[in-house]
Every structure is written in structure tokens, then in C-alpha cells.
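Q: Hey, dropping start-v6.txt in here, compact mmCIF, C-alpha atoms and all ligand atoms:
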```
# COMPACT_ATOMS: atom_id res chain seq x y z
CA MET A 1 -13.84 3.33 -31.31
CA LYS A 2 -10.39 2.95 -32.86
CA LEU A 3 -7.72 3.68 -30.32
CA MET A 4 -4.64 3.87 -32.49
CA ASP A 5 -3.68 5.95 -35.51
CA SER A 6 -2.17 3.52 -37.97
CA HIS A 7 -0.11 6.24 -39.70
CA LYS A 8 1.38 7.88 -36.65
CA ASN A 9 3.09 5.96 -33.92
CA GLU A 10 0.52 6.84 -31.30
CA PRO A 11 -3.14 6.69 -30.35
CA ARG A 12 -5.47 8.73 -32.53
CA ALA A 13 -5.76 12.38 -31.53
CA GLU A 14 -9.43 11.85 -30.83
CA VAL A 15 -8.64 9.11 -28.37
CA VAL A 16 -7.71 11.60 -25.71
CA GLN A 17 -11.04 13.26 -26.31
CA ASP A 18 -12.85 9.93 -26.43
CA VAL A 19 -11.28 9.00 -23.17
CA LYS A 20 -12.36 12.27 -21.60
CA ASN A 21 -15.84 11.56 -22.73
CA TYR A 22 -16.18 8.19 -21.09
CA PRO A 23 -19.56 8.89 -19.63
CA ALA A 24 -19.16 7.05 -16.35
CA LEU A 25 -16.26 9.25 -15.43
CA VAL A 26 -17.30 12.68 -16.48
CA ARG A 27 -21.05 12.67 -16.26
CA HIS A 28 -21.22 13.01 -12.55
CA GLY A 29 -19.59 14.77 -9.70
CA ALA A 30 -18.20 17.61 -11.76
CA GLY A 31 -18.49 19.70 -8.63
CA VAL A 32 -17.32 16.99 -6.30
CA PHE A 33 -13.71 16.97 -7.34
CA SER A 34 -13.41 20.73 -7.09
CA GLU A 35 -14.80 20.44 -3.59
CA PHE A 36 -12.03 17.98 -2.77
CA ILE A 37 -9.19 20.03 -4.12
CA GLY A 38 -10.54 23.10 -2.34
CA SER A 39 -9.24 21.62 0.91
CA ILE A 40 -7.05 18.64 0.00
CA PRO A 41 -4.27 19.37 -2.51
CA GLY A 42 -4.81 17.06 -5.44
CA SER A 43 -7.29 15.12 -3.26
CA VAL A 44 -6.72 11.48 -2.47
CA ALA A 45 -8.35 10.57 -5.77
CA PRO A 46 -5.15 10.84 -7.83
CA LEU A 47 -3.66 8.18 -5.64
CA MET A 48 -6.76 6.03 -5.81
CA LEU A 49 -6.86 6.22 -9.55
CA GLY A 50 -3.12 6.28 -10.07
CA ILE A 51 -3.50 9.59 -11.87
CA TRP A 52 -0.61 11.97 -11.50
CA ASN A 53 -0.58 14.34 -14.46
CA ALA A 54 -2.39 17.63 -14.29
CA ASP A 55 -3.93 16.76 -17.67
CA ASP A 56 -5.62 13.78 -16.12
CA LEU A 57 -7.34 15.66 -13.36
CA ASP A 58 -10.52 15.94 -15.39
CA HIS A 59 -11.05 12.25 -14.86
CA ASN A 60 -11.13 12.42 -11.12
CA ASP A 61 -14.77 13.16 -10.67
CA VAL A 62 -15.33 9.78 -9.16
CA ILE A 63 -16.35 8.97 -5.64
CA PHE A 64 -16.12 5.40 -4.47
CA GLU A 65 -18.70 4.02 -2.14
CA PRO A 66 -18.64 0.36 -1.27
CA GLU A 67 -21.61 -1.75 -2.20
CA THR A 68 -22.74 -4.84 -0.33
CA ASP A 69 -21.22 -7.10 -2.97
CA GLU A 70 -17.71 -7.10 -1.62
CA VAL A 71 -15.74 -6.90 -4.81
CA LYS A 72 -17.60 -3.96 -6.27
CA TYR A 73 -17.35 -0.24 -5.92
CA ILE A 74 -20.18 2.01 -6.86
CA ILE A 75 -19.85 5.65 -7.79
CA SER A 76 -22.24 8.32 -6.70
CA ASP A 77 -24.62 7.89 -9.62
CA GLY A 78 -24.82 4.13 -9.42
CA ALA A 79 -22.24 3.13 -12.06
CA GLU A 80 -20.44 0.04 -10.85
CA TYR A 81 -16.82 -0.97 -11.08
CA LEU A 82 -15.28 -4.34 -10.48
CA ASP A 83 -12.50 -3.66 -8.00
CA CYS A 84 -9.23 -5.13 -9.22
CA VAL A 85 -7.06 -2.87 -7.07
CA SER A 86 -8.12 -4.17 -3.64
CA GLU A 87 -6.97 -0.96 -1.94
CA TYR A 88 -3.49 -1.45 -3.43
CA SER A 89 -3.38 -4.96 -1.97
CA ALA A 90 -4.66 -4.08 1.53
CA ALA A 91 -8.27 -5.17 0.96
CA MET A 92 -7.39 -8.87 0.93
CA PHE A 93 -10.71 -9.70 2.60
CA GLY A 94 -12.88 -7.46 0.42
CA HIS A 95 -14.45 -4.28 1.73
CA SER A 96 -17.00 -5.56 4.15
CA ASN A 97 -16.11 -9.00 5.43
CA PRO A 98 -18.81 -9.70 8.04
CA LYS A 99 -16.41 -11.31 10.55
CA ILE A 100 -14.03 -8.36 10.39
CA LEU A 101 -16.87 -5.86 10.63
CA ALA A 102 -18.27 -7.71 13.65
CA ALA A 103 -14.85 -7.73 15.35
CA ILE A 104 -14.49 -3.97 14.82
CA GLN A 105 -18.02 -3.38 16.09
CA GLU A 106 -17.35 -5.48 19.16
CA ALA A 107 -14.09 -3.59 19.83
CA MET A 108 -15.95 -0.33 19.47
CA ASN A 109 -18.42 -1.43 22.11
CA ARG A 110 -15.53 -2.02 24.50
CA GLY A 111 -14.26 1.53 24.02
CA ILE A 112 -12.13 3.47 21.57
CA ASN A 113 -8.42 3.46 22.43
CA LEU A 114 -8.10 2.79 26.13
CA GLY A 115 -4.60 4.17 26.70
CA GLY A 116 -2.98 0.83 27.52
CA PRO A 117 -2.24 -2.59 26.09
CA GLY A 118 -5.08 -4.94 25.17
CA ASN A 119 -5.55 -8.66 24.63
CA ASP A 120 -6.01 -8.35 20.89
CA GLU A 121 -2.50 -7.09 20.33
CA VAL A 122 -1.03 -10.13 22.07
CA ALA A 123 -3.24 -12.39 19.94
CA LEU A 124 -2.23 -10.54 16.76
CA ALA A 125 1.46 -10.73 17.71
CA HIS A 126 1.13 -14.48 18.20
CA SER A 127 -0.60 -15.01 14.89
CA ILE A 128 2.18 -13.07 13.14
CA LYS A 129 4.91 -15.06 14.89
CA ASP A 130 3.14 -18.28 13.88
CA ARG A 131 3.08 -17.26 10.22
CA PHE A 132 6.58 -15.80 9.83
CA ARG A 133 9.44 -17.94 11.04
CA SER A 134 11.90 -15.04 11.12
CA ILE A 135 9.77 -13.01 13.54
CA ALA A 136 10.46 -13.79 17.18
CA LYS A 137 9.24 -10.43 18.45
CA VAL A 138 7.09 -7.83 16.79
CA ARG A 139 6.07 -4.19 17.25
CA PHE A 140 3.01 -2.54 15.74
CA CYS A 141 2.61 0.82 14.07
CA ASN A 142 0.12 2.37 11.66
CA SER A 143 1.54 1.90 8.18
CA GLY A 144 4.04 0.00 6.13
CA SER A 145 5.95 3.26 5.70
CA GLU A 146 6.38 3.57 9.46
CA ALA A 147 7.35 -0.08 9.76
CA ASN A 148 10.18 0.36 7.25
CA THR A 149 11.29 3.65 8.78
CA MET A 150 11.54 1.98 12.19
CA ALA A 151 13.26 -1.13 10.84
CA LEU A 152 16.01 1.00 9.27
CA ALA A 153 16.40 3.11 12.42
CA LEU A 154 16.62 -0.06 14.48
CA ALA A 155 19.21 -1.58 12.14
CA THR A 156 21.50 1.45 12.21
CA HIS A 157 21.10 1.71 15.98
CA VAL A 158 21.89 -1.93 16.67
CA THR A 159 24.75 -2.32 14.18
CA LYS A 160 26.16 1.14 14.97
CA LYS A 161 26.68 1.59 11.21
CA LYS A 162 25.07 4.03 8.80
CA LYS A 163 25.04 2.76 5.24
CA ILE A 164 21.92 1.11 3.85
CA LEU A 165 21.77 -0.97 0.70
CA ALA A 166 18.41 -0.59 -1.02
CA PHE A 167 17.40 -1.22 -4.65
CA GLU A 168 16.59 0.84 -7.70
CA ASN A 169 12.81 1.05 -8.17
CA GLY A 170 12.29 -0.15 -4.61
CA TYR A 171 9.26 1.23 -2.83
CA HIS A 172 9.10 1.01 0.93
CA GLY A 173 6.42 3.64 1.47
CA GLY A 174 6.11 7.38 1.26
CA PHE A 175 9.38 8.03 3.13
CA ILE A 176 11.62 5.47 1.41
CA GLN A 177 11.30 5.22 -2.36
CA PHE A 178 13.81 4.87 -5.15
CA ASP A 179 12.21 5.46 -8.51
CA SER A 180 14.15 7.26 -11.22
CA ASN A 181 14.00 10.67 -9.52
CA PRO A 182 15.43 11.12 -6.02
CA SER A 183 12.50 11.91 -3.76
CA PRO A 184 12.75 14.79 -1.27
CA THR A 185 10.45 12.82 1.01
CA THR A 186 12.87 9.91 1.39
CA ILE A 187 14.42 9.95 4.85
CA PRO A 188 18.08 11.04 4.76
CA HIS A 189 19.88 7.76 5.46
CA ASP A 190 23.17 7.03 3.75
CA PHE A 191 21.57 4.94 0.99
CA VAL A 192 23.44 3.08 -1.72
CA LEU A 193 21.34 1.56 -4.51
CA GLY A 194 21.83 -1.90 -5.93
CA ARG A 195 20.02 -3.32 -8.95
CA PHE A 196 17.21 -5.72 -8.24
CA ASN A 197 18.07 -9.30 -9.23
CA ASP A 198 21.55 -8.20 -10.40
CA ILE A 199 23.96 -10.11 -8.19
CA GLU A 200 27.19 -8.93 -9.81
CA TYR A 201 26.33 -5.24 -9.74
CA THR A 202 25.08 -5.48 -6.17
CA ARG A 203 28.19 -7.37 -5.09
CA SER A 204 30.31 -4.39 -6.16
CA LEU A 205 28.53 -2.23 -3.55
CA LEU A 206 29.05 -4.48 -0.55
CA SER A 207 31.27 -3.55 2.37
CA ASP A 208 31.50 -3.88 6.14
CA GLU A 209 30.05 -0.35 6.40
CA ILE A 210 26.59 -1.60 5.51
CA ALA A 211 24.15 -1.62 8.42
CA ALA A 212 21.17 -3.04 6.57
CA ILE A 213 20.01 -4.43 3.26
CA ILE A 214 16.35 -3.71 2.58
CA VAL A 215 14.54 -5.47 -0.24
CA GLU A 216 11.05 -6.45 -1.38
CA PRO A 217 11.07 -10.15 -2.34
CA MET A 218 8.86 -9.00 -5.21
CA GLN A 219 9.13 -5.33 -6.18
CA GLY A 220 5.58 -4.03 -6.23
CA ALA A 221 5.33 -0.36 -7.19
CA GLY A 222 8.60 -0.80 -9.14
CA GLY A 223 6.94 -3.09 -11.70
CA VAL A 224 5.73 -6.26 -9.95
CA SER A 225 9.01 -8.14 -10.51
CA VAL A 226 9.71 -11.24 -8.51
CA ALA A 227 13.16 -11.75 -6.98
CA THR A 228 15.03 -14.90 -7.83
CA LYS A 229 15.80 -17.24 -4.97
CA ALA A 230 19.49 -16.95 -5.93
CA PHE A 231 19.34 -13.16 -5.52
CA LEU A 232 17.67 -13.36 -2.10
CA GLN A 233 20.11 -16.05 -0.96
CA PHE A 234 23.00 -13.87 -2.17
CA LEU A 235 21.65 -10.98 -0.06
CA ARG A 236 21.23 -13.31 2.92
CA ASP A 237 24.86 -14.45 2.66
CA ALA A 238 26.11 -10.91 2.06
CA ALA A 239 24.31 -9.59 5.13
CA THR A 240 25.75 -12.36 7.29
CA LYS A 241 29.25 -11.84 5.91
CA HIS A 242 29.23 -8.07 6.41
CA LYS A 243 27.41 -8.13 9.76
CA ALA A 244 24.51 -6.20 8.31
CA LEU A 245 20.83 -6.88 9.00
CA LEU A 246 18.75 -8.24 6.13
CA ILE A 247 15.29 -6.67 6.03
CA PHE A 248 12.53 -8.15 3.87
CA ASP A 249 9.75 -5.69 3.15
CA GLU A 250 6.81 -8.07 3.00
CA VAL A 251 4.16 -5.36 3.31
CA VAL A 252 2.70 -6.62 0.03
CA THR A 253 4.39 -9.96 -0.65
CA SER A 254 3.32 -11.69 2.56
CA ARG A 255 -0.15 -12.13 0.98
CA LEU A 256 1.31 -14.54 -1.60
CA HIS A 257 2.12 -17.40 0.78
CA ILE A 258 0.95 -18.32 4.25
CA ASN A 259 4.56 -17.95 5.45
CA GLY A 260 5.33 -14.94 3.26
CA LEU A 261 7.73 -15.02 0.33
CA GLN A 262 10.47 -15.74 2.88
CA GLY A 263 8.69 -19.05 3.54
CA TYR A 264 8.12 -19.65 -0.16
CA PHE A 265 11.79 -19.08 -1.02
CA GLU A 266 13.06 -20.48 2.28
CA VAL A 267 15.38 -17.51 2.67
CA TYR A 268 14.93 -15.79 6.01
CA PRO A 269 15.72 -12.17 6.89
CA ASP A 270 16.74 -10.72 10.26
CA LEU A 271 13.86 -8.25 10.22
CA THR A 272 10.55 -8.33 8.37
CA THR A 273 8.19 -5.46 7.77
CA LEU A 274 4.47 -5.98 7.32
CA GLY A 275 1.40 -3.87 6.71
CA LYS A 276 -1.82 -3.55 4.74
CA TYR A 277 -4.16 -6.60 4.86
CA ILE A 278 -2.63 -8.11 8.03
CA GLY A 279 -4.50 -5.47 10.01
CA GLY A 280 -7.75 -6.67 8.43
CA GLY A 281 -8.29 -3.41 6.55
CA PRO A 282 -7.72 -0.46 8.91
CA SER A 283 -4.33 1.32 8.98
CA PHE A 284 -1.62 -1.11 9.94
CA GLY A 285 2.10 -1.68 10.06
CA ALA A 286 4.42 -4.03 11.92
CA PHE A 287 8.10 -4.84 12.09
CA GLY A 288 9.68 -7.79 13.78
CA GLY A 289 12.55 -10.22 13.79
CA LEU A 290 15.43 -11.52 15.83
CA VAL A 291 15.10 -11.31 19.60
CA GLU A 292 18.54 -9.72 20.02
CA VAL A 293 17.62 -6.95 17.57
CA MET A 294 14.05 -6.34 18.70
CA GLU A 295 15.09 -6.20 22.33
CA ALA A 296 16.71 -2.83 21.69
CA LEU A 297 13.12 -1.55 21.70
CA ASP A 298 12.70 -2.61 25.32
CA PRO A 299 13.17 0.40 27.61
CA LYS A 300 15.14 -1.89 29.95
CA HIS A 301 17.76 -2.51 27.25
CA SER A 302 21.23 -1.08 27.95
CA SER A 303 20.94 1.11 24.84
CA PRO A 304 17.25 1.34 24.01
CA ILE A 305 15.76 2.89 20.90
CA HIS A 306 12.50 4.74 21.23
CA HIS A 307 9.43 3.70 19.29
CA SER A 308 6.23 5.38 20.33
CA GLY A 309 2.91 6.20 18.72
CA THR A 310 -0.47 7.00 20.20
CA TYR A 311 -2.28 4.70 17.79
CA ASN A 312 0.26 1.88 17.55
CA ASN A 313 -2.19 -0.53 19.16
CA ASN A 314 -5.41 1.10 17.99
CA VAL A 315 -8.23 -1.18 19.02
CA PHE A 316 -9.92 -1.38 15.61
CA THR A 317 -6.83 -2.61 13.79
CA MET A 318 -5.90 -5.04 16.52
CA ALA A 319 -9.41 -6.54 16.60
CA ALA A 320 -9.71 -6.58 12.80
CA GLY A 321 -6.25 -8.15 12.48
CA VAL A 322 -7.11 -10.97 14.88
CA ALA A 323 -10.36 -11.68 13.00
CA ALA A 324 -8.54 -11.50 9.64
CA ALA A 325 -5.86 -13.97 10.76
CA LYS A 326 -8.59 -16.53 11.47
CA ILE A 327 -10.04 -16.09 7.97
CA LEU A 328 -6.77 -16.45 6.08
CA THR A 329 -5.82 -19.99 5.10
CA LYS A 330 -3.33 -21.58 2.72
CA GLU A 331 -6.23 -22.69 0.54
CA LYS A 332 -7.70 -19.19 0.24
CA ILE A 333 -4.33 -17.69 -0.60
CA SER A 334 -3.82 -20.37 -3.18
CA LYS A 335 -7.22 -19.73 -4.81
CA ALA A 336 -6.48 -15.99 -5.14
CA ASN A 337 -3.05 -16.86 -6.52
CA SER A 338 -4.46 -19.16 -9.16
CA LEU A 339 -6.94 -16.50 -10.26
CA GLY A 340 -3.96 -14.15 -10.61
CA ASP A 341 -2.18 -16.77 -12.73
CA LYS A 342 -5.26 -16.90 -14.93
CA VAL A 343 -5.16 -13.13 -15.45
CA ARG A 344 -1.46 -13.24 -16.32
CA ASP A 345 -1.87 -16.18 -18.68
CA GLY A 346 -4.92 -14.61 -20.35
CA ILE A 347 -3.13 -11.32 -21.03
CA ASN A 348 0.10 -12.92 -22.17
CA SER A 349 -1.52 -15.46 -24.43
CA ALA A 350 -3.69 -12.76 -26.03
CA MET A 351 -0.55 -10.76 -26.73
CA LYS A 352 1.04 -13.85 -28.23
CA ASP A 353 -1.98 -14.29 -30.49
CA TYR A 354 -1.53 -10.75 -31.76
CA ASN A 355 2.18 -11.44 -32.07
CA THR A 356 3.15 -8.42 -29.99
CA GLN A 357 5.13 -7.80 -26.82
CA LEU A 358 3.92 -4.25 -26.28
CA ILE A 359 1.90 -5.40 -23.29
CA GLU A 360 3.12 -8.04 -20.90
CA ALA A 361 1.72 -9.28 -17.60
CA SER A 362 4.21 -10.00 -14.81
CA GLY A 363 4.08 -10.67 -11.09
CA MET A 364 3.20 -13.63 -8.98
CA GLY A 365 -0.03 -15.14 -7.73
CA SER A 366 -2.67 -12.59 -6.81
CA MET A 367 -0.41 -9.63 -7.71
CA VAL A 368 -0.32 -8.86 -11.42
CA GLY A 369 1.68 -6.09 -13.07
CA VAL A 370 0.81 -5.03 -16.62
CA ARG A 371 3.85 -3.59 -18.39
CA PHE A 372 3.82 -1.48 -21.50
CA SER A 373 6.62 -0.93 -23.97
CA GLY A 374 7.21 0.75 -27.31
CA PRO A 375 7.13 4.42 -28.26
CA ALA A 376 3.50 4.94 -27.27
CA GLN A 377 3.73 3.07 -23.99
CA ALA A 378 2.38 5.88 -21.78
CA ARG A 379 -0.62 6.40 -24.08
CA LEU A 380 -1.19 2.67 -24.31
CA ARG A 381 -1.22 2.48 -20.51
CA ASP A 382 -3.67 5.38 -20.23
CA CYS A 383 -5.92 3.96 -22.94
CA LEU A 384 -6.05 0.57 -21.26
CA PHE A 385 -6.91 2.15 -17.91
CA PHE A 386 -9.76 4.25 -19.26
CA TYR A 387 -10.97 1.53 -21.59
CA MET A 388 -11.20 -0.90 -18.67
CA LEU A 389 -13.04 1.72 -16.62
CA SER A 390 -15.49 2.21 -19.47
CA ARG A 391 -16.17 -1.54 -19.24
CA GLY A 392 -16.66 -1.32 -15.48
CA VAL A 393 -13.25 -2.68 -14.46
CA TYR A 394 -11.11 -0.66 -12.06
CA MET A 395 -7.42 -1.52 -12.16
CA GLY A 396 -4.47 0.66 -11.09
CA LYS A 397 -3.49 3.06 -13.82
CA ARG A 398 0.16 2.09 -13.67
CA GLY A 399 -0.91 -1.40 -14.77
CA PHE A 400 -1.62 -2.85 -11.38
CA VAL A 401 -4.03 -5.64 -10.51
CA SER A 402 -4.40 -7.01 -7.01
CA LEU A 403 -6.95 -9.74 -6.41
CA ASN A 404 -8.51 -10.53 -3.09
CA LEU A 405 -10.24 -13.44 -1.39
CA THR A 406 -13.66 -12.35 -2.63
CA HIS A 407 -12.80 -12.59 -6.32
CA GLU A 408 -14.32 -15.47 -8.27
CA GLU A 409 -13.84 -16.93 -11.75
CA LYS A 410 -16.66 -14.76 -13.11
CA HIS A 411 -14.80 -11.58 -12.07
CA ILE A 412 -11.65 -12.77 -13.82
CA ASP A 413 -13.73 -13.52 -16.93
CA GLN A 414 -15.08 -9.95 -16.85
CA LEU A 415 -11.57 -8.55 -16.50
CA LEU A 416 -10.16 -10.70 -19.30
CA ASP A 417 -13.10 -10.18 -21.66
CA SER A 418 -12.61 -6.43 -21.28
CA PHE A 419 -8.90 -6.81 -21.89
CA TYR A 420 -9.51 -8.93 -25.00
CA ALA A 421 -11.88 -6.30 -26.36
CA PHE A 422 -9.19 -3.66 -25.77
CA ALA A 423 -6.56 -5.82 -27.47
CA GLN A 424 -8.81 -6.28 -30.47
CA GLU A 425 -9.32 -2.49 -30.74
CA VAL A 426 -5.61 -1.82 -30.57
CA PHE A 427 -3.84 -4.77 -32.09
CA GLY A 428 -6.58 -6.23 -34.26
CA ASN A 429 -7.01 -3.01 -36.23
CA CYS A 430 -3.47 -1.65 -36.33
CA LYS A 431 -1.14 -4.01 -38.10
CA TRP A 432 1.86 -1.74 -37.46
CA MET A 433 1.52 -2.18 -33.69
CA LYS A 434 2.45 -5.81 -33.83
C1 LIG B 1 6.40 -2.86 -0.56
C2 LIG B 1 5.74 -1.75 0.20
N1 LIG B 1 6.28 -1.35 1.36
C3 LIG B 1 5.71 -0.38 2.08
C4 LIG B 1 4.57 0.25 1.67
C5 LIG B 1 3.98 1.37 2.46
O1 LIG B 1 2.87 0.95 3.16
P1 LIG B 1 1.82 2.09 3.63
O2 LIG B 1 1.16 2.59 2.40
O3 LIG B 1 0.92 1.35 4.58
O4 LIG B 1 2.62 3.14 4.32
C6 LIG B 1 3.98 -0.13 0.47
C7 LIG B 1 2.73 0.51 0.00
O5 LIG B 1 2.25 0.32 -1.08
C8 LIG B 1 4.58 -1.16 -0.29
O6 LIG B 1 4.07 -1.53 -1.48
```
Is it possible to give me this structure as C-alpha cells?
Ligand SMILES: Cc1ncc(COP(=O)(O)O)c(C=O)c1O
A:
Amino acid sequence: MKLMDSHKNEPRAEVVQDVKNYPALVRHGAGVFSEFIGSIPGSVAPLMLGIWNADDLDHNDVIFEPETDEVKYIISDGAEYLDCVSEYSAAMFGHSNPKILAAIQEAMNRGINLGGPGNDEVALAHSIKDRFRSIAKVRFCNSGSEANTMALALATHVTKKKKILAFENGYHGGFIQFDSNPSPTTIPHDFVLGRFNDIEYTRSLLSDEIAAIIVEPMQGAGGVSVATKAFLQFLRDAATKHKALLIFDEVVTSRLHINGLQGYFEVYPDLTTLGKYIGGGPSFGAFGGLVEVMEALDPKHSSPIHHSGTYNNNVFTMAAGVAAAKILTKEKISKANSLGDKVRDGINSAMKDYNTQLIEASGMGSMVGVRFSGPAQARLRDCLFFYMLSRGVYMGKRGFVSLNLTHEEKHIDQLLDSFYAFAQEVFGNCKWMK
């Protein structure tokens, strides 16, 4: 199949049709997706597949069911996909790590949600404090979105100021996101937006009115771009100077180093937010930091701030998180990171061989972002996504790859071989694309 039309500046007209005909996607479950959207608007599948356009909805007839091999998904008819999304970075331990499953099972035997504190949450709090130097006290919640929402509320409460410096393309969950269009779901704080890694522009926005600066040490949803140490240090100094609280959103980035990217860069925030894999797989969020800030959450504080939630210490997450913390080691993180480096190097050197920059792999360690440029970038992105699916590789449609501790060299070879075949289709046959 030729993907690109060498006369027009875009994929061949038939490509869209070819893509729709990828058998693994369309053959099965034609009724399943309509069942989903009957009760769930858009279903969760668009999120899973990174599909947002109405035109793409035809491709959603896919149901994922985990197989025993931890890095594979299987759809209802038995077609297999290599999982390179890892539940958008949360499935750091695969989908069925036996130690995590056993811990959840054991917790279940003790009783589901007992209406009071349990030992596992103390153990999980300790393991988090051990990993992240900036966290002296920590509170749990059920998602990274909640963690960031609470961290900002806490910062404005403690500093008695309102303005929050965040960054263009920052993503801090469903309630705090700054892509090109203002989102009606973003909570109505007095946000001012700096530019990621742009010290001079950001400097022009600083003032004593700022309560908090919130930043991802590597922007994830905004393109998998790593912050420079100089930028993070600049934010650290700015926060100190203006008596604002520096918040690192390490919901994703903490997986890249045993001490988080704060430990890697040796730049420490006042508050850190966490989520995803730290809870071992079930819903999880946490925020923590300086004693004097976190103590405002204590009801005995002179001016306490309320943080409640029925499931904040749900027994499954607490138990899974404790088991997960015992599995995670520097060595395992480093292995996943080096596999990620291999993916990045493989993609970038293939693009160099074809003498093109239309596709570029970015990111750090186990988090890889695939960026597309040029006039046909959206089509190129879609074609890559569906092409990879047709070869049994599931990556995020926006060009997102997240590896986990169960990935091995052979999985990376499968991913790269599929990518090379795609590159040959597109760049080997269309001289104009170069
Ligand atoms: C950097 C970052 N912060 C926060 C969140 C939100 O976490 P959750 O989806 O658990 O609400 C995400 C989710 O992808 C994220 O990437």
C-alpha cells in the first residue's frame, strides 16, 4: 500500500479508505461501539485510542481485554496488540503483575473500604516520602487531576494570593489544561500563562501577586518536551523571590527517576503532585510537600483547608501502591528508560537516513513523543497510528509511547520494525516528502 500521493501534498485519497479497511479494526465489534455510545457519550474508547474527530469514530470498534502476557492487549476476536501506551503511563508494572494482584486480593479479603485509616496508607506515605525529598507530608486522592486541583487550592489558601503561573501546552488533568483553546473545564483560577522553557518571556510575567507556579518538569500531553535544568532553577528562584509556592506536577515524570525529575535535576519544589503508576494501577493521586504548607490540611490548624473524599484511602490502591513501591527499583527504571532511548534513536536515525525531519521522536527515558511536521502532519500522524495498529502495535494516536517494566528488547524490535516499514512506505516511495 502506498500511503502518500506524490503529486499532491498529502496522503493518497485511498489511504483514508485503506485505513478504514484495516481488518483488525473494523472486522469485529461493529455493534459493540454503538452499544457503548448508547449510554456513554463518545465512550471511553476515543480516549483510549486518542481519537477525537467524529470522522474517526468508525475505528473505535475495539475492545481491549488483557491477556496473560503482560504487555499485550487482545481484542474480542483474538487479534493482539503490543501495548506501547501503558495506560497513558499508569501501567508501569504491566497489566497483571502477580505481586500487585496478590496485594489487591489480600486487601479485598480484609474488607472493602472500612471507613477509617489503614496501615497501608501509612506505608505508602512513607515510601513516597523516601523517594521524593521535597515531600515531608502527603495526602492521597483518586487522580492526578484532583491532586493538582488540591495543590493549587492549598497554595492560594496558604499564600493568601490568587494568581497562578502555569505554562502554555501544560496538562495537569481534566480540570487544568492549557492547550491552544481555553477549556471550559479548567477551574476558574486567575491563571497567567508562561512559555515552557522560555525564561525571558516567563520573567516578564512575574510579580509578588503570584501564589503558585505549576509546571511539569517534562510536558507530557503538550508534546513530551523536557524542561531544561536552567528553566526549572529559574522557576525555583522566582518562586522564592516572589513568595510563591513552586509546584512540580510529577504525575507522569516521577517514573523517569527513582527520585522523580526533581531528583534528576536537583531542583526541588515546595509541593509535588503524583498519580498514575504510584498507586500500582488502580485510581490514584497524591500531593505533598513542605510541612508548613501541608499542615494547613490538619483540622487543628488555625486556618485549615478542607480536603475530603470517600475513596481517598481506598484499600485497593493503598495495598497496590505498597506492593508496587517494593517492585520499583533504580535498575528497573533505568532499563525501561534505555528501551525508550532505543525507540527514540531508532526513529530519529531512520528519519535521518531518509533525510527528512517530518517525523521526530522526543521525550526522555521511557516516555517517547513522536512529533509530526509539514503540511500533511495530521494525516501523517493518523497514517502512522493506523499503520502501527495494522502491524499489531498500539501507540497513542497523538504520537505517544510509554514503556513499562514488562517491555523487553523484542517488543522494541517489533515497534521499530513496524515503524521502519511505515517509513519505507512513506519516505522511500515519495521523494518529494524528504
Ligand atoms: C502531567 C499530568 N498531570 C496530571 C494528569 C491527570 O492525572 P489523572 O488522569 O489521574 O487525573 C495527567 C494525566 O495524564 C498528566 O499527564
Q: Out of A:Leu389, A:Ala151, A:Met218, A:Ile213, which residue has the shortest atom-to-atom distance to ligand LIG 1 (chain B) when counting all atoms listed in the file?
A: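 When distances to ligand LIG 1 (chain B) are compared using all atoms listed in the file, the smallest one comes from A:Met218.
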Q: So how far away is CA of Asp270 in chain A from CA of Ile247 in chain A, in Å?
A: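 The value is 6.0 Å.
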Q: Can you tell me which residues sit at most 8 Å away from ligand LIG 1 (chain B), counting only C-alpha atoms and all ligand atoms, written as a PyMOL selection string?
A: chain A and resi 88-89+142-148+170-174+216+219-221+249-253+273-276+283-285
Q: In Å, rounded to a single decimal, give me how far CA of Lys241 in chain A is from CA of Glu266 in chain A.
A: 18.7 Å
Q: To one decimal in Å, tell me the separation between CA of Pro217 in chain A and CA of Gly365 in chain A.
A: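 Distance reported for this atom pair: 13.3 Å.
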Q: Identify, on the basis of only C-alpha atoms, every residue whose closest approach to range 292-296 of chain A does not exceed 7 Å; exclude the query and any residue fewer than 6 positions from it along the same chain; express the result as a ChimeraX atom specification.
A: /A:137,158,303-305
Q: Counting all atoms listed in the file, figure out which residue out of A:Phe427, A:Thr240, A:Ala155, A:Arg139 gets nearest to Lys352 in chain A.
A: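 Ranked by minimum distance to Lys352 in chain A, first place goes to A:Phe427.
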Q: Nearest to Ala166 in chain A: which of A:Arg195, A:Lys229, A:Lys99, A:Arg398 is it, counting only C-alpha atoms?
A: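 Among A:Arg195, A:Lys229, A:Lys99, A:Arg398, it is A:Arg195 that comes nearest to Ala166 in chain A.
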Q: For a quick check of understanding, using all atoms listed in the file, which of A:Leu101, A:Ile278, A:Leu152, A:Ala211 has the smallest distance to Ile258 in chain A?
A: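 Nearest to Ile258 in chain A: A:Ile278.
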Q: List the neighbours of Asn197 in chain A out to 7 Å using all atoms listed in the file; skip same-chain residues closer than 6 positions along the sequence, and give me the result as a list in words.
A: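 The neighbour list is Ala227, Thr228 and Phe231 of chain A.
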Q: Report as a list of chain:residue names all protein, DNA and RNA residues lying within 8 Å of Ser338 in chain A, evaluated on all atoms listed in the file, omitting residues in the same chain fewer than 4 positions from it.
A: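 Returned residues: A:Ser334, A:Lys342, A:Gly365, A:Ser366.
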Q: Which residue, A:Asp382, A:Glu80, A:Glu200, A:Glu87, has the smallest gap to Tyr277 in chain A when you use only C-alpha atoms?
A: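 Among the listed residues, the smallest separation from Tyr277 in chain A belongs to A:Glu87.
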Q: Env of range 367-370 of chain A: 8 Å cut, atoms = only C-alpha atoms, seq-sep filter 5 positions within chain, self excluded. Answer as JSON, numbers by chain.
A: {"A": [89, 223, 224, 337, 340, 343, 344, 359, 360, 361, 362, 398, 399, 400, 401, 402, 403]}
Q: Fewer than 5 positions away in the same chain doesn't count, so skip those; otherwise give me all residues within 6 Å of range 181-194 of chain A, counting all atoms listed in the file, as a short mmCIF file (atom, residue, chain, number, x, y, z; two decimals) with C-alpha atoms, keeping the file's coordinate frame.
A:
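part-v4.cif, freshly written:
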```cif
data_model
loop_
_atom_site.label_atom_id
_atom_site.label_comp_id
_atom_site.auth_asym_id
_atom_site.auth_seq_id
_atom_site.Cartn_x
_atom_site.Cartn_y
_atom_site.Cartn_z
CA LYS A 163 25.04 2.76 5.24
CA ILE A 164 21.92 1.11 3.85
CA LEU A 165 21.77 -0.97 0.70
CA ALA A 166 18.41 -0.59 -1.02
CA PHE A 167 17.40 -1.22 -4.65
CA GLU A 168 16.59 0.84 -7.70
CA PHE A 175 9.38 8.03 3.13
CA ILE A 176 11.62 5.47 1.41
CA THR A 202 25.08 -5.48 -6.17
#
```
